[in-house]
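With compact mmCIF, C-alpha atoms inside, this is model24.txt:
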```
# COMPACT_ATOMS: atom_id res chain seq x y z
CA MET A 293 0.69 9.36 21.08
CA THR A 294 -1.87 11.98 22.06
CA PRO A 295 -5.54 11.43 21.10
CA ALA A 296 -5.51 14.57 18.96
CA LEU A 297 -2.49 13.38 16.97
CA GLY A 298 -4.04 9.95 16.56
CA ALA A 299 -7.30 11.46 15.30
CA LEU A 300 -5.34 13.63 12.86
CA ARG A 301 -3.42 10.63 11.50
CA ARG A 302 -6.68 8.75 11.15
CA LEU A 303 -8.35 11.59 9.28
CA LEU A 304 -5.34 12.03 6.99
CA CYS A 305 -5.37 8.31 6.11
CA LEU A 306 -1.98 7.80 7.75
CA ALA A 307 -3.09 5.37 10.48
CA PRO A 308 -3.91 1.66 10.04
CA VAL A 309 -7.57 0.62 10.16
CA PRO A 310 -8.32 -1.51 13.24
CA ALA A 311 -10.71 -4.46 12.95
CA GLY A 312 -14.31 -3.44 13.36
CA GLN A 313 -13.65 0.19 12.42
CA SER A 314 -14.70 -0.07 8.78
CA PRO A 315 -17.84 2.14 9.15
CA ALA A 316 -15.80 4.82 10.91
CA PHE A 317 -13.09 4.57 8.24
CA LEU A 318 -15.63 5.03 5.43
CA ARG A 319 -17.25 7.90 7.29
CA ASP A 320 -13.90 9.67 7.70
CA ARG A 321 -13.03 9.09 4.04
CA LEU A 322 -16.43 10.46 3.03
CA ILE A 323 -15.50 13.74 4.70
CA VAL A 324 -11.75 13.98 4.15
CA LEU A 325 -11.26 12.89 0.54
CA PRO A 326 -13.77 15.30 -1.06
CA LEU A 327 -12.45 18.09 1.17
CA LEU A 328 -8.84 17.40 0.16
CA THR A 329 -9.92 17.27 -3.48
CA VAL A 330 -11.54 20.71 -3.29
CA ILE A 331 -8.55 22.19 -1.41
CA ALA A 332 -6.01 20.71 -3.80
CA PHE A 333 -7.74 21.70 -7.03
CA GLY A 334 -8.91 25.05 -5.65
CA SER A 335 -5.39 26.05 -4.55
CA LEU A 336 -3.93 24.84 -7.83
CA SER A 337 -6.54 26.78 -9.79
CA LEU A 338 -5.77 30.02 -7.93
CA ALA A 339 -1.97 29.64 -8.19
CA TYR A 340 -2.14 28.52 -11.82
CA GLY A 341 -4.50 31.34 -12.75
CA ASP A 342 -2.30 33.93 -11.03
CA VAL A 343 0.84 32.88 -12.92
CA HIS A 344 -0.88 32.65 -16.28
CA GLY A 345 -2.80 35.86 -15.67
CA ASP A 346 0.56 37.58 -15.21
CA SER A 347 1.67 36.11 -18.54
CA SER A 348 -1.37 37.60 -20.26
CA ARG A 349 -0.68 41.01 -18.72
CA ILE A 350 2.99 40.88 -19.76
CA ALA A 351 2.22 39.81 -23.32
CA ASP A 352 -0.76 42.08 -23.95
CA ARG A 353 -0.25 45.06 -21.64
CA THR A 354 3.03 45.77 -19.86
CA GLY A 355 5.39 44.61 -22.61
CA PRO A 356 3.70 46.55 -25.45
CA ALA A 357 3.37 49.67 -23.26
CA LEU A 358 7.12 49.64 -22.55
CA VAL A 359 7.88 49.21 -26.24
CA GLU A 360 5.62 52.14 -27.20
CA LEU A 361 7.26 54.42 -24.62
CA THR A 362 10.71 53.49 -25.93
CA ARG A 363 9.59 54.16 -29.50
CA ALA A 364 8.26 57.58 -28.48
CA GLU A 365 11.48 58.46 -26.67
CA VAL A 366 13.69 57.52 -29.60
CA ALA A 367 11.42 59.27 -32.11
CA LEU A 368 11.52 62.48 -30.05
CA ASP A 369 15.30 62.36 -29.88
CA GLN A 370 15.50 61.82 -33.63
CA ALA A 371 13.10 64.74 -34.15
CA GLN A 372 15.35 66.98 -32.05
CA LYS A 373 18.41 65.94 -34.02
CA GLU A 374 16.56 66.55 -37.27
CA ALA A 375 15.53 70.03 -36.14
CA ASP A 376 19.09 70.83 -35.06
CA SER A 377 20.64 69.58 -38.30
CA VAL A 378 18.18 71.54 -40.45
CA LEU A 379 17.69 74.78 -38.54
CA GLN A 380 21.29 75.18 -37.38
CA GLY A 381 22.76 74.17 -40.72
CA PRO A 382 24.29 76.50 -43.26
CA GLU A 383 21.25 76.42 -45.50
CA LEU A 384 18.16 78.39 -44.46
CA ILE A 385 15.63 75.70 -45.35
CA GLY A 386 12.47 74.55 -43.63
CA LEU A 387 12.01 71.43 -41.58
CA GLY A 388 10.61 69.44 -44.47
CA GLN A 389 8.73 66.15 -43.94
CA THR A 390 11.12 64.19 -41.72
CA TYR A 391 10.60 66.18 -38.53
CA PRO A 392 6.74 66.21 -38.70
CA THR A 393 6.79 62.48 -39.42
CA LEU A 394 8.90 61.80 -36.34
CA ILE A 395 6.71 64.01 -34.11
CA THR A 396 3.58 62.28 -35.44
CA ARG A 397 5.18 58.91 -34.76
CA ALA A 398 6.09 59.91 -31.20
CA THR A 399 2.57 61.25 -30.56
CA GLN A 400 1.03 58.04 -31.85
CA ASN A 401 3.33 55.95 -29.66
CA LEU A 402 2.39 57.98 -26.59
CA ASN A 403 -1.30 57.61 -27.42
CA GLU A 404 -0.90 53.85 -27.84
CA ALA A 405 0.84 53.62 -24.48
CA ALA A 406 -1.83 55.80 -22.83
CA GLN A 407 -4.57 53.44 -24.06
CA SER A 408 -2.82 50.39 -22.61
CA PRO A 409 -4.60 48.76 -19.65
CA ALA A 410 -1.15 48.26 -18.11
CA LEU A 411 -1.07 51.87 -16.92
CA SER A 412 -2.53 52.89 -13.59
CA ALA A 413 -4.52 56.09 -13.22
CA ALA A 414 -1.45 57.96 -11.95
CA GLN A 415 0.72 56.63 -14.77
CA ARG A 416 -1.88 57.56 -17.36
CA GLN A 417 -2.13 61.05 -15.92
CA GLY A 418 1.66 61.40 -16.08
CA LEU A 419 1.59 60.32 -19.71
CA GLN A 420 -1.04 62.94 -20.48
CA VAL A 421 1.32 65.55 -19.05
CA VAL A 422 4.06 64.23 -21.36
CA SER A 423 1.73 64.51 -24.36
CA GLY A 424 0.98 68.12 -23.44
CA LEU A 425 4.69 68.88 -23.14
CA VAL A 426 5.31 67.34 -26.58
CA VAL A 427 2.71 69.71 -28.03
CA ASP A 428 4.48 72.68 -26.43
CA TYR A 429 7.87 71.36 -27.56
CA ASN A 430 6.60 71.04 -31.13
CA GLY A 431 5.27 74.59 -30.91
CA TYR A 432 8.70 75.95 -29.97
CA ILE A 433 10.33 74.07 -32.85
CA GLY A 434 7.70 75.39 -35.23
CA THR A 435 8.30 78.95 -34.01
CA ALA A 436 12.05 78.49 -34.51
CA ASP A 437 11.35 77.25 -38.04
CA ARG A 438 9.20 80.29 -38.80
CA ASN A 439 11.98 82.57 -37.50
CA ARG A 440 14.83 80.79 -39.23
CA ASP A 441 15.88 84.05 -40.90
CA ASP A 442 16.52 85.54 -37.44
CA PRO A 443 19.46 83.66 -35.83
CA THR A 444 18.82 85.06 -32.36
CA LEU A 445 15.12 84.13 -32.18
CA LYS A 446 15.76 80.81 -33.87
CA LYS A 447 18.45 79.85 -31.36
CA ALA A 448 16.32 80.99 -28.43
CA TYR A 449 13.31 78.89 -29.43
CA LEU A 450 15.51 75.89 -30.19
CA SER A 451 17.02 76.23 -26.72
CA TYR A 452 13.56 76.43 -25.13
CA ALA A 453 12.49 73.32 -27.01
CA LEU A 454 15.63 71.42 -26.01
CA SER A 455 15.23 72.36 -22.34
CA MET A 456 11.67 70.95 -22.44
CA LEU A 457 12.89 67.73 -24.03
CA CYS A 458 15.80 66.96 -21.71
CA GLU A 459 18.34 68.28 -19.26
CA THR A 460 20.78 70.25 -21.35
CA THR A 461 24.55 70.54 -21.32
CA ASP A 462 26.97 72.73 -23.18
CA GLY A 463 30.34 71.85 -24.57
CA THR A 464 31.94 72.16 -21.14
CA GLY A 465 29.71 69.40 -19.73
CA SER A 466 27.74 71.62 -17.31
CA THR A 467 24.07 70.73 -17.14
CA GLY A 468 21.16 73.12 -17.28
CA SER A 469 22.86 75.27 -19.93
CA THR A 470 21.32 76.26 -23.23
CA GLY A 471 24.73 76.66 -24.80
CA GLY A 472 27.10 79.55 -24.86
CA ALA A 473 28.23 81.53 -27.84
CA GLY A 474 29.31 79.13 -30.53
CA THR A 475 28.74 76.20 -28.24
CA PRO A 476 25.68 74.17 -29.22
CA ALA A 477 23.66 72.78 -26.35
CA GLY A 478 22.67 69.14 -26.19
CA CYS A 479 21.02 66.57 -23.97
CA ALA A 480 22.99 65.60 -20.89
CA ASP A 481 23.99 61.99 -20.53
CA ARG A 482 21.47 60.05 -18.50
CA THR A 483 24.09 58.73 -16.13
CA VAL A 484 24.79 62.24 -14.82
CA ARG A 485 21.17 63.25 -14.33
CA GLY A 486 18.97 62.96 -11.31
CA TYR A 487 15.67 61.14 -11.20
CA GLU A 488 13.37 64.16 -10.86
CA ALA A 489 10.78 63.92 -13.60
CA THR A 490 10.73 67.45 -15.03
CA THR A 491 11.57 67.21 -18.74
CA ILE A 492 9.88 65.05 -21.35
CA GLN A 493 12.62 62.43 -21.30
CA ASP A 494 12.72 62.44 -17.50
CA ARG A 495 8.97 61.84 -17.32
CA ILE A 496 9.07 59.08 -19.92
CA GLY A 497 12.01 57.50 -18.10
CA SER A 498 10.08 57.62 -14.82
CA LEU A 499 7.11 55.89 -16.47
CA GLU A 500 9.42 53.27 -17.95
CA ARG A 501 10.95 52.53 -14.57
CA SER A 502 7.47 52.23 -13.07
CA LEU A 503 6.36 49.81 -15.79
CA ARG A 504 9.56 47.79 -15.42
CA ALA A 505 8.84 47.48 -11.71
CA ASP A 506 5.35 46.23 -12.60
CA LEU A 507 6.84 43.77 -15.07
CA ASP A 508 9.34 42.51 -12.49
CA HIS A 509 6.45 41.90 -10.10
CA GLU A 510 4.40 40.13 -12.77
CA ALA A 511 7.32 37.98 -13.95
CA GLY A 512 8.17 36.82 -10.42
CA TRP A 513 6.55 33.89 -8.69
CA GLY A 514 5.01 36.06 -6.00
CA THR A 515 4.25 35.16 -2.38
CA GLY A 516 0.60 34.29 -2.98
CA PRO A 517 1.14 31.72 -5.75
CA VAL A 518 4.01 30.12 -3.82
CA ILE A 519 1.85 29.67 -0.71
CA LEU A 520 -1.06 28.35 -2.76
CA ALA A 521 1.25 25.98 -4.62
CA ALA A 522 2.60 24.66 -1.30
CA VAL A 523 -0.96 24.10 -0.02
CA ALA A 524 -1.89 22.38 -3.28
CA CYS A 525 1.17 20.09 -3.14
CA ALA A 526 0.44 19.07 0.46
CA ALA A 527 -3.23 18.47 -0.34
CA TYR A 528 -2.37 16.45 -3.45
CA ALA A 529 0.07 14.28 -1.52
CA LEU A 530 -2.49 13.57 1.20
CA LEU A 531 -5.20 13.00 -1.41
CA ALA A 532 -3.04 10.52 -3.31
CA VAL A 533 -2.26 8.62 -0.08
CA GLY A 534 -5.92 8.70 0.93
CA LEU A 535 -7.18 7.41 -2.40
CA PHE A 536 -4.57 4.64 -2.47
CA ARG A 537 -5.38 3.50 1.08
CA THR A 538 -9.11 3.68 0.42
CA LEU A 539 -8.81 1.62 -2.77
CA THR A 540 -6.64 -0.89 -0.90
CA PHE A 541 -9.15 -1.01 1.97
CA LEU A 542 -12.09 -1.64 -0.37
CA LYS A 543 -10.16 -4.38 -2.16
CA ALA A 544 -9.17 -6.10 1.10
CA ARG A 545 -12.46 -5.76 3.04
CA PHE A 546 -15.08 -5.82 0.30
CA ARG A 547 -13.20 -7.61 -2.48
CA LEU A 548 -14.16 -4.58 -4.55
CA LEU A 549 -12.29 -2.58 -7.16
CA SER A 550 -13.89 0.86 -7.08
CA LEU A 551 -13.93 2.20 -10.61
CA PRO A 552 -15.32 5.63 -9.61
CA LEU A 553 -12.53 6.15 -7.08
CA ALA A 554 -9.95 4.84 -9.53
CA ALA A 555 -11.24 7.32 -12.11
CA THR A 556 -10.68 10.22 -9.69
CA VAL A 557 -6.97 9.39 -9.74
CA LEU A 558 -6.76 10.34 -13.43
CA PRO A 559 -6.93 14.14 -12.87
CA LEU A 560 -4.03 13.80 -10.43
CA LEU A 561 -1.90 12.47 -13.25
CA ALA A 562 -2.36 15.75 -15.12
CA VAL A 563 -0.89 17.79 -12.27
CA PRO A 564 2.79 17.20 -13.25
CA VAL A 565 1.95 18.33 -16.79
CA LEU A 566 0.37 21.53 -15.46
CA VAL A 567 3.38 22.15 -13.24
CA LEU A 568 5.70 21.69 -16.22
CA GLY A 569 3.61 24.13 -18.25
CA THR A 570 3.67 26.67 -15.44
CA VAL A 571 7.46 26.46 -15.17
CA GLN A 572 7.73 26.84 -18.93
CA VAL A 573 5.52 29.93 -18.88
CA GLN A 574 7.49 31.42 -15.99
CA HIS A 575 10.69 30.95 -18.00
CA GLY A 576 9.04 32.93 -20.81
CA GLN A 577 8.17 35.68 -18.35
CA ALA A 578 11.75 35.75 -17.09
CA ALA A 579 13.02 36.05 -20.69
CA VAL A 580 10.75 39.06 -21.27
CA ARG A 581 11.98 40.63 -18.04
CA ARG A 582 15.60 40.18 -19.12
CA ILE A 583 14.90 41.84 -22.46
CA ALA A 584 12.97 44.73 -20.89
CA ASP A 585 15.49 45.34 -18.11
CA GLY A 586 18.49 44.81 -20.37
CA GLU A 587 18.43 45.56 -24.08
CA LEU A 588 15.21 47.61 -24.17
CA ALA A 589 16.40 49.71 -21.24
CA ARG A 590 19.75 50.28 -22.98
CA VAL A 591 17.98 51.40 -26.16
CA SER A 592 15.94 53.84 -24.08
CA SER A 593 18.86 55.19 -22.07
CA ALA A 594 20.99 55.54 -25.21
CA ALA A 595 18.30 57.50 -27.06
CA PRO A 596 20.06 60.88 -26.68
CA ALA A 597 23.18 59.39 -28.29
CA VAL A 598 21.39 58.03 -31.38
CA GLN A 599 22.87 59.49 -34.53
CA LEU A 600 20.28 60.30 -37.19
CA SER A 601 20.93 60.30 -40.92
CA ARG A 602 18.44 61.12 -43.60
CA THR A 603 18.47 57.61 -45.04
CA ALA A 604 19.55 54.63 -43.00
CA GLY A 605 19.75 56.36 -39.61
CA THR A 606 16.04 57.10 -39.39
CA ALA A 607 15.06 53.44 -39.45
CA ALA A 608 17.94 52.11 -37.35
CA ALA A 609 16.59 52.70 -33.84
CA PRO A 610 12.96 51.73 -34.54
CA GLY A 611 14.27 48.64 -36.29
CA SER A 612 16.12 47.54 -33.18
CA ILE A 613 13.00 48.15 -31.10
CA ASP A 614 11.00 46.10 -33.59
CA GLU A 615 13.46 43.28 -33.14
CA LEU A 616 13.18 43.43 -29.37
CA GLN A 617 9.39 43.51 -29.61
CA GLN A 618 9.49 40.41 -31.80
CA ARG A 619 11.75 38.70 -29.30
CA ILE A 620 9.35 39.54 -26.46
CA ALA A 621 6.42 38.14 -28.44
CA GLY A 622 8.49 35.12 -29.44
CA ALA A 623 9.45 34.36 -25.84
CA MET A 624 5.80 34.32 -24.78
CA ARG A 625 4.76 32.38 -27.87
CA ARG A 626 7.42 29.71 -27.34
CA ALA A 627 6.16 29.31 -23.79
CA HIS A 628 2.69 28.51 -25.21
CA CYS A 629 1.17 30.99 -22.78
CA ALA A 630 -2.22 31.19 -24.47
CA GLY A 631 -2.57 27.42 -24.63
CA TRP A 632 -1.61 26.86 -21.01
CA ALA A 633 -3.82 29.73 -19.81
CA ALA A 634 -6.85 28.15 -21.51
CA VAL A 635 -6.65 25.24 -19.05
CA THR A 636 -7.25 27.51 -16.03
CA GLY A 637 -11.02 27.41 -16.28
CA PHE A 638 -11.12 23.60 -16.18
CA ILE A 639 -9.06 22.97 -13.04
CA LEU A 640 -11.59 23.87 -10.36
CA PRO A 641 -14.58 22.24 -12.16
CA ALA A 642 -12.53 19.06 -12.53
CA GLY A 643 -11.80 19.15 -8.79
CA LEU A 644 -15.44 19.73 -7.87
CA PHE A 645 -16.53 16.90 -10.15
CA GLY A 646 -13.91 14.59 -8.64
CA ALA A 647 -15.03 15.52 -5.12
CA ALA A 648 -18.66 14.81 -6.05
CA VAL A 649 -17.78 11.42 -7.56
CA THR A 650 -15.65 10.51 -4.53
CA GLY A 651 -18.38 11.50 -2.09
CA TRP A 652 -21.08 9.67 -4.04
CA ALA A 653 -19.03 6.48 -4.29
CA LEU A 654 -18.01 6.42 -0.61
CA LEU A 655 -21.55 7.21 0.50
CA ALA A 656 -22.85 4.28 -1.56
CA TYR A 657 -20.20 1.91 -0.17
CA ARG A 658 -20.94 2.99 3.40
CA ARG A 659 -24.67 2.43 2.96
CA ASP A 660 -24.05 -0.99 1.44
CA TYR A 661 -21.75 -1.90 4.33
CA VAL A 662 -24.36 -0.89 6.89
CA ARG A 663 -27.02 -2.99 5.14
CA VAL A 664 -24.83 -6.12 4.98
CA PRO A 665 -25.96 -8.52 7.78
CA ARG A 666 -23.32 -9.74 10.15
CA ARG A 667 -22.48 -13.44 10.44
CA GLU A 668 -24.11 -13.66 13.90
CA ASP A 669 -27.46 -12.71 12.36
CA PHE A 670 -27.55 -16.02 10.43
CA GLN A 671 -26.95 -18.17 13.51
```
Would you give me this structure, written as structure tokens?
Amino acid sequence: MTPALGALRRLLCLAPVPAGQSPAFLRDRLIVLPLLTVIAFGSLSLAYGDVHGDSSRIADRTGPALVELTRAEVALDQAQKEADSVLQGPELIGLGQTYPTLITRATQNLNEAAQSPALSAAQRQGLQVVSGLVVDYNGYIGTADRNRDDPTLKKAYLSYALSMLCETTDGTGSTGSTGGAGTPAGCADRTVRGYEATTIQDRIGSLERSLRADLDHEAGWGTGPVILAAVACAAYALLAVGLFRTLTFLKARFRLLSLPLAATVLPLLAVPVLVLGTVQVQHGQAAVRRIADGELARVSSAAPAVQLSRTAGTAAAPGSIDELQQRIAGAMRRAHCAGWAAVTGFILPAGLFGAAVTGWALLAYRRDYVRVPRREDFQ
């Protein structure tokens, strides 16, 4: 065995203690055990805080922002359908209260999403562009309403508004058309559209995809936490071995049961509980990701196909979004995210306190050992 490997085994408490090496053993433990304690608890604190910080961002930022964007998208589609059903109907009546209510709802949803800390500067700027386009879209619909006695102007402004809202298609299925004679235009199906963010729905969809990518990153374990967790596990294993061997050494050589060192073992017993809580929280994050990437995305992509009625239809789509929002909140609540996250601030202080107690105890034992006279001194 090389001297370097032997020194490493000795420092990591993996080598037996030869006779007459007690002072050196205590000196090594005085350095290694507090250092391992700081490394173990520091790595755990960083990894634990990263995972639970992601949970806070998902629950308070990314998740609500995605829900608000979906609400806005569905409300805008319902507003378009309301305008079409009223202004292209047989009766020359005004828009009434339903359309303004839906536009107000969509504007409020966009404002709520814009105020979310989940959005980056570029995302927030893109959302401001969407809000401006909604204002222009509403202006075209209002102009069509004011010219409802003129079929040509009314149809033209409705077509302009629809082309701002989404990629259009006529009855033949060709995109980019505002509808031929007698053929009402409509929004093209999302599966046949490109990803260029030009219309309102395209831009909202682009923001949703960006936020879903952020959520996928936040809900994953991540490289950093995995590396920190591996370092923490290795340090905890070495620390547990070191404490056990040190306690055994003190019992055999000094006939001493070290209560301070035994007390430092207690925080190690909480580590499996923290690991279990972290896994539970990560499962909650994964559940939110499944909802956002699955059902919430389907609600968003199906928005152009939502059928609106004056009574039950208006509340159907927002109701389903409400249900998904409740499921997202329920997934995070069942994972006890807030309770587990509150422990983050105590991990590193507990490690520093344990390192201080370990160092103080070993320093006292080493001093006492040095002061003990040898048997030859009495002869």
Which of A:Asp352, A:Asp376, A:Glu500, A:Glu510 sits closest to A:Ala589 [using all atoms listed in the file]: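 Selected residue with least distance to A:Ala589: A:Glu500.
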Pick from A:Ile350, A:Val378, A:Val571, A:Leu368, whichever lies nearest to A:Cys458 using only C-alpha atoms: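 Result for the nearest residue to A:Cys458: A:Leu368.
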Protein/DNA/RNA residues near (-19.7, 12.4, -3.4), cut 12 Å, all atoms listed in the file, as a PyMOL selection string: chain A and resi 319+321-327+329-330+552-553+556+643-658
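Among the candidates A:Val591, A:Ala453, A:Ala544, A:Val573, the one nearest to A:Glu615 when counting all atoms listed in the file is A:Val591.
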Nearest to A:Val359 by atom-to-atom distance, counting all atoms listed in the file, from A:Ala332, A:Leu402, A:Ala526, A:Ala578: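 Nearest candidate to A:Val359 out of A:Ala332, A:Leu402, A:Ala526, A:Ala578: A:Leu402.
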Stretch 633-637 of chain A environment, 10 Å, all atoms listed in the file, sequence neighbours closer than 6 positions dropped, as a PyMOL selection string: chain A and resi 336-345+347-348+566+569-570+573
Straight-line distance linking atom CA of A:Gly355 with atom CA of A:Ala627, stated in Å to one decimal: 15.4 Å
For A:Glu360: contacts at 9 Å, only C-alpha atoms, fewer than 2 positions along chain excluded, given as a list of chain:residue names: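 Residues near the query, excluding close chain neighbours: A:Gly355, A:Pro356, A:Ala357, A:Leu358, A:Thr362, A:Arg363, A:Ala364, A:Glu365, A:Ala398, A:Gln400, A:Asn401, A:Leu402, A:Asn403, A:Glu404, A:Ala405.
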For atom CA of A:Tyr391 and atom CA of A:Ala371, the interatomic separation in Å (one decimal):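 It comes out at 5.2 Å.
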For A:Ala436, the nearest of the candidates A:Pro409, A:Gly418, A:Pro517, A:Gly386, counting all atoms listed in the file: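 The shortest atom-to-atom distance to A:Ala436 comes from A:Gly386.
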Nearest-residue call for A:Gly497, choices A:Ile331, A:Ala642, A:Val422, A:Leu411, using all atoms listed in the file: A:Val422
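The coordinates place atom CA of A:Asp369 at 9.1 Å from atom CA of A:Leu394.
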